[in-house]
Amino acid sequence: MADNTFTLGPLTPRDHAFYGLVWAGTTLTARVDQALTRRHDLPLSWFEVMLWLRSQPEPVAPSELGARTLLSRSQVSRVTDSLQARGFVERIPSPTDARSIRVALTDAGRRAFEEADATRREALAEVFDDRLDDADIAALEAVWAKLKARPQG
């Protein structure tokens, strides 16, 4: 009988930690993407753009969305087109540059985001929220802060 055990072999603690982050990110992202697409016909990339727009006090330039979401200029444009077609975002002329536009969530977009965010929370409850206590969350926050910090020098 064949051994179906599949491992990465011996790893250093740092390698194990890195691949653990990759696994967690990939697994949780796929779970949320599936839930959002199934329930709201809203891919995770659209949700992410809406997340950033929701938290901005003013409309933002598409280039800012690209920098925050790590989407390319063409991806931001396609996502914005799709969200606009659904009535979730609007393009507004820039007050300082007539050649530029800014993007903002519409009221319908805010409502759609809130519904989708509830789905995201529901999708993650069993595999994330229910498994991690406050100390775990604080430890993750500390790790993310270190990883996001710009190197000195």
# chains A, B, ... in the order shown; residues from 1 in each chain; ligands from 1
call {"tool": "select_by_dssp", "arguments": {"residues": "chain A", "states": "alpha helix (DSSP H)", "output": "VMD selection string"}}
result
chain A and resid 13 to 40 44 to 54 62 to 69 73 to 85 107 to 124 134 to 148
call {"tool": "select_by_dssp", "arguments": {"residues": "region 38-137 of chain A", "states": "strand (DSSP E)", "output": "list in words"}}
result
Val89, Glu90, Arg91, Ile92, Pro93, Ile101, Arg102, Val103, Ala104 and Leu105 of chain A
call {"tool": "write_last_selection", "arguments": {"atoms": "N, CA, C and O atoms", "output": "CSV table (one decimal), in the first residue's frame"}}
result
chain,number,residue,atom,x,y,z
A,89,VAL,N,-19.4,51.9,-7.6
A,89,VAL,CA,-18.4,53.0,-7.6
A,89,VAL,C,-18.8,54.1,-8.6
A,89,VAL,O,-19.5,53.8,-9.6
A,90,GLU,N,-18.3,55.3,-8.4
A,90,GLU,CA,-18.4,56.3,-9.4
A,90,GLU,C,-17.1,57.0,-9.7
A,90,GLU,O,-16.2,57.0,-8.8
A,91,ARG,N,-16.9,57.4,-10.9
A,91,ARG,CA,-15.7,58.1,-11.2
A,91,ARG,C,-16.0,59.6,-11.2
A,91,ARG,O,-17.0,60.0,-11.8
A,92,ILE,N,-15.2,60.3,-10.5
A,92,ILE,CA,-15.4,61.8,-10.3
A,92,ILE,C,-14.2,62.5,-10.9
A,92,ILE,O,-13.0,62.2,-10.6
A,93,PRO,N,-14.4,63.6,-11.6
A,93,PRO,CA,-13.3,64.4,-12.1
A,93,PRO,C,-12.4,64.9,-11.0
A,93,PRO,O,-13.0,65.3,-10.0
A,101,ILE,N,-9.1,61.4,-13.0
A,101,ILE,CA,-10.4,61.1,-12.2
A,101,ILE,C,-10.0,60.5,-10.9
A,101,ILE,O,-8.9,60.1,-10.6
A,102,ARG,N,-11.0,60.5,-10.1
A,102,ARG,CA,-10.9,59.9,-8.7
A,102,ARG,C,-12.1,58.9,-8.6
A,102,ARG,O,-13.1,59.0,-9.4
A,103,VAL,N,-12.0,58.0,-7.7
A,103,VAL,CA,-13.0,56.9,-7.6
A,103,VAL,C,-13.5,56.9,-6.2
A,103,VAL,O,-12.8,57.1,-5.2
A,104,ALA,N,-14.8,56.7,-6.1
A,104,ALA,CA,-15.5,56.7,-4.7
A,104,ALA,C,-16.6,55.7,-4.7
A,104,ALA,O,-17.2,55.4,-5.8
A,105,LEU,N,-16.9,55.1,-3.6
A,105,LEU,CA,-18.0,54.2,-3.4
A,105,LEU,C,-19.3,55.0,-3.5
A,105,LEU,O,-19.4,56.1,-2.9
call {"tool": "residues_around", "arguments": {"residues": "Ala118 (chain A)", "least_positions_apart": "6", "cutoff": "12 Å", "atoms": "only C-alpha atoms", "output": "list in words"}}
result
Val32, Ala35, Leu36, Arg39, His40, Phe47, Arg111, Ala112, Leu124 and Ala125 of chain A
call {"tool": "atom_distance", "arguments": {"atom1": "CA of Ile137 (chain A)", "atom2": "CA of Pro43 (chain A)"}}
result
25.8 Å
call {"tool": "residues_around", "arguments": {"residues": "Gly66 (chain A)", "least_positions_apart": "5", "cutoff": "12 Å", "atoms": "only C-alpha atoms", "output": "list in words"}}
result
Ser45, Glu48, Val49, Trp52, Leu53, Val60, Ala61, Leu71, Ser72, Arg73, Ser74, Gln75, Val76, Ser77, Arg78, Val79, Thr80 and Val103 of chain A
call {"tool": "write_last_selection", "arguments": {"atoms": "N, CA, C and O atoms", "output": "PDB file, in the first residue's frame"}}
result
ATOM      1  N   SER A  45     -10.902  40.492  -5.446  1.00  0.00           N
ATOM      2  CA  SER A  45     -10.220  41.711  -5.904  1.00  0.00           C
ATOM      3  C   SER A  45     -11.180  42.906  -5.897  1.00  0.00           C
ATOM      4  O   SER A  45     -10.777  44.017  -5.563  1.00  0.00           O
ATOM      5  N   GLU A  48     -11.650  43.888  -2.250  1.00  0.00           N
ATOM      6  CA  GLU A  48     -10.482  44.591  -1.719  1.00  0.00           C
ATOM      7  C   GLU A  48     -10.482  46.064  -2.137  1.00  0.00           C
ATOM      8  O   GLU A  48     -10.197  46.949  -1.334  1.00  0.00           O
ATOM      9  N   VAL A  49     -10.836  46.337  -3.388  1.00  0.00           N
ATOM     10  CA  VAL A  49     -10.929  47.731  -3.839  1.00  0.00           C
ATOM     11  C   VAL A  49     -12.009  48.462  -3.045  1.00  0.00           C
ATOM     12  O   VAL A  49     -11.798  49.591  -2.584  1.00  0.00           O
ATOM     13  N   TRP A  52     -10.789  49.390   0.500  1.00  0.00           N
ATOM     14  CA  TRP A  52      -9.957  50.590   0.558  1.00  0.00           C
ATOM     15  C   TRP A  52     -10.769  51.847   0.303  1.00  0.00           C
ATOM     16  O   TRP A  52     -10.564  52.871   0.968  1.00  0.00           O
ATOM     17  N   LEU A  53     -11.701  51.797  -0.628  1.00  0.00           N
ATOM     18  CA  LEU A  53     -12.522  52.973  -0.900  1.00  0.00           C
ATOM     19  C   LEU A  53     -13.408  53.325   0.284  1.00  0.00           C
ATOM     20  O   LEU A  53     -13.622  54.502   0.586  1.00  0.00           O
ATOM     21  N   VAL A  60     -10.459  58.698  -4.354  1.00  0.00           N
ATOM     22  CA  VAL A  60      -9.023  58.462  -4.523  1.00  0.00           C
ATOM     23  C   VAL A  60      -8.684  58.213  -5.983  1.00  0.00           C
ATOM     24  O   VAL A  60      -9.516  57.762  -6.771  1.00  0.00           O
ATOM     25  N   ALA A  61      -7.432  58.485  -6.316  1.00  0.00           N
ATOM     26  CA  ALA A  61      -6.933  58.230  -7.660  1.00  0.00           C
ATOM     27  C   ALA A  61      -6.768  56.731  -7.869  1.00  0.00           C
ATOM     28  O   ALA A  61      -6.398  56.015  -6.935  1.00  0.00           O
ATOM     29  N   LEU A  71      -2.742  45.712  -7.084  1.00  0.00           N
ATOM     30  CA  LEU A  71      -3.260  45.413  -8.413  1.00  0.00           C
ATOM     31  C   LEU A  71      -2.540  46.305  -9.425  1.00  0.00           C
ATOM     32  O   LEU A  71      -2.173  47.435  -9.110  1.00  0.00           O
ATOM     33  N   SER A  72      -2.380  45.800 -10.628  1.00  0.00           N
ATOM     34  CA  SER A  72      -1.752  46.602 -11.674  1.00  0.00           C
ATOM     35  C   SER A  72      -2.718  47.696 -12.124  1.00  0.00           C
ATOM     36  O   SER A  72      -3.917  47.657 -11.829  1.00  0.00           O
ATOM     37  N   ARG A  73      -2.192  48.652 -12.872  1.00  0.00           N
ATOM     38  CA  ARG A  73      -3.017  49.746 -13.387  1.00  0.00           C
ATOM     39  C   ARG A  73      -4.193  49.196 -14.215  1.00  0.00           C
ATOM     40  O   ARG A  73      -5.325  49.635 -14.064  1.00  0.00           O
ATOM     41  N   SER A  74      -3.919  48.204 -15.071  1.00  0.00           N
ATOM     42  CA  SER A  74      -4.987  47.654 -15.906  1.00  0.00           C
ATOM     43  C   SER A  74      -5.991  46.864 -15.061  1.00  0.00           C
ATOM     44  O   SER A  74      -7.196  46.897 -15.336  1.00  0.00           O
ATOM     45  N   GLN A  75      -5.523  46.163 -14.028  1.00  0.00           N
ATOM     46  CA  GLN A  75      -6.448  45.444 -13.144  1.00  0.00           C
ATOM     47  C   GLN A  75      -7.348  46.416 -12.395  1.00  0.00           C
ATOM     48  O   GLN A  75      -8.551  46.173 -12.276  1.00  0.00           O
ATOM     49  N   VAL A  76      -6.767  47.505 -11.887  1.00  0.00           N
ATOM     50  CA  VAL A  76      -7.583  48.508 -11.190  1.00  0.00           C
ATOM     51  C   VAL A  76      -8.626  49.067 -12.139  1.00  0.00           C
ATOM     52  O   VAL A  76      -9.797  49.221 -11.774  1.00  0.00           O
ATOM     53  N   SER A  77      -8.241  49.326 -13.366  1.00  0.00           N
ATOM     54  CA  SER A  77      -9.174  49.858 -14.352  1.00  0.00           C
ATOM     55  C   SER A  77     -10.308  48.878 -14.628  1.00  0.00           C
ATOM     56  O   SER A  77     -11.486  49.256 -14.648  1.00  0.00           O
ATOM     57  N   ARG A  78      -9.982  47.595 -14.810  1.00  0.00           N
ATOM     58  CA  ARG A  78     -11.014  46.576 -15.070  1.00  0.00           C
ATOM     59  C   ARG A  78     -11.945  46.409 -13.867  1.00  0.00           C
ATOM     60  O   ARG A  78     -13.163  46.312 -14.026  1.00  0.00           O
ATOM     61  N   VAL A  79     -11.362  46.363 -12.667  1.00  0.00           N
ATOM     62  CA  VAL A  79     -12.184  46.216 -11.464  1.00  0.00           C
ATOM     63  C   VAL A  79     -13.088  47.435 -11.306  1.00  0.00           C
ATOM     64  O   VAL A  79     -14.287  47.304 -11.029  1.00  0.00           O
ATOM     65  N   THR A  80     -12.536  48.618 -11.500  1.00  0.00           N
ATOM     66  CA  THR A  80     -13.330  49.845 -11.382  1.00  0.00           C
ATOM     67  C   THR A  80     -14.456  49.857 -12.413  1.00  0.00           C
ATOM     68  O   THR A  80     -15.594  50.223 -12.094  1.00  0.00           O
ATOM     69  N   VAL A 103     -11.986  57.955  -7.732  1.00  0.00           N
ATOM     70  CA  VAL A 103     -12.995  56.904  -7.590  1.00  0.00           C
ATOM     71  C   VAL A 103     -13.542  56.930  -6.165  1.00  0.00           C
ATOM     72  O   VAL A 103     -12.783  57.125  -5.207  1.00  0.00           O
TER      73      VAL A 103
END
call {"tool": "atom_distance", "arguments": {"atom1": "CA of Thr7 (chain A)", "atom2": "CA of Leu28 (chain A)"}}
result
20.4 Å
call {"tool": "residues_around", "arguments": {"residues": "region 24-27 of chain A", "least_positions_apart": "6", "cutoff": "12 Å", "atoms": "only C-alpha atoms", "output": "PyMOL selection string"}}
result
chain A and resi 16-18+33-34+123-124+127-128
call {"tool": "closest_residue", "arguments": {"among": "A:Asp134, A:Glu58, A:Asp41, A:Glu64", "to": "Leu83 (chain A)", "atoms": "only C-alpha atoms"}}
result
A:Asp41
call {"tool": "closest_residue", "arguments": {"among": "A:Ala139, A:Ala116, A:Ala108, A:Ala30", "to": "Leu51 (chain A)", "atoms": "only C-alpha atoms"}}
result
A:Ala116
call {"tool": "atom_distance", "arguments": {"atom1": "CA of Ala98 (chain A)", "atom2": "CA of Pro57 (chain A)"}}
result
20.8 Å
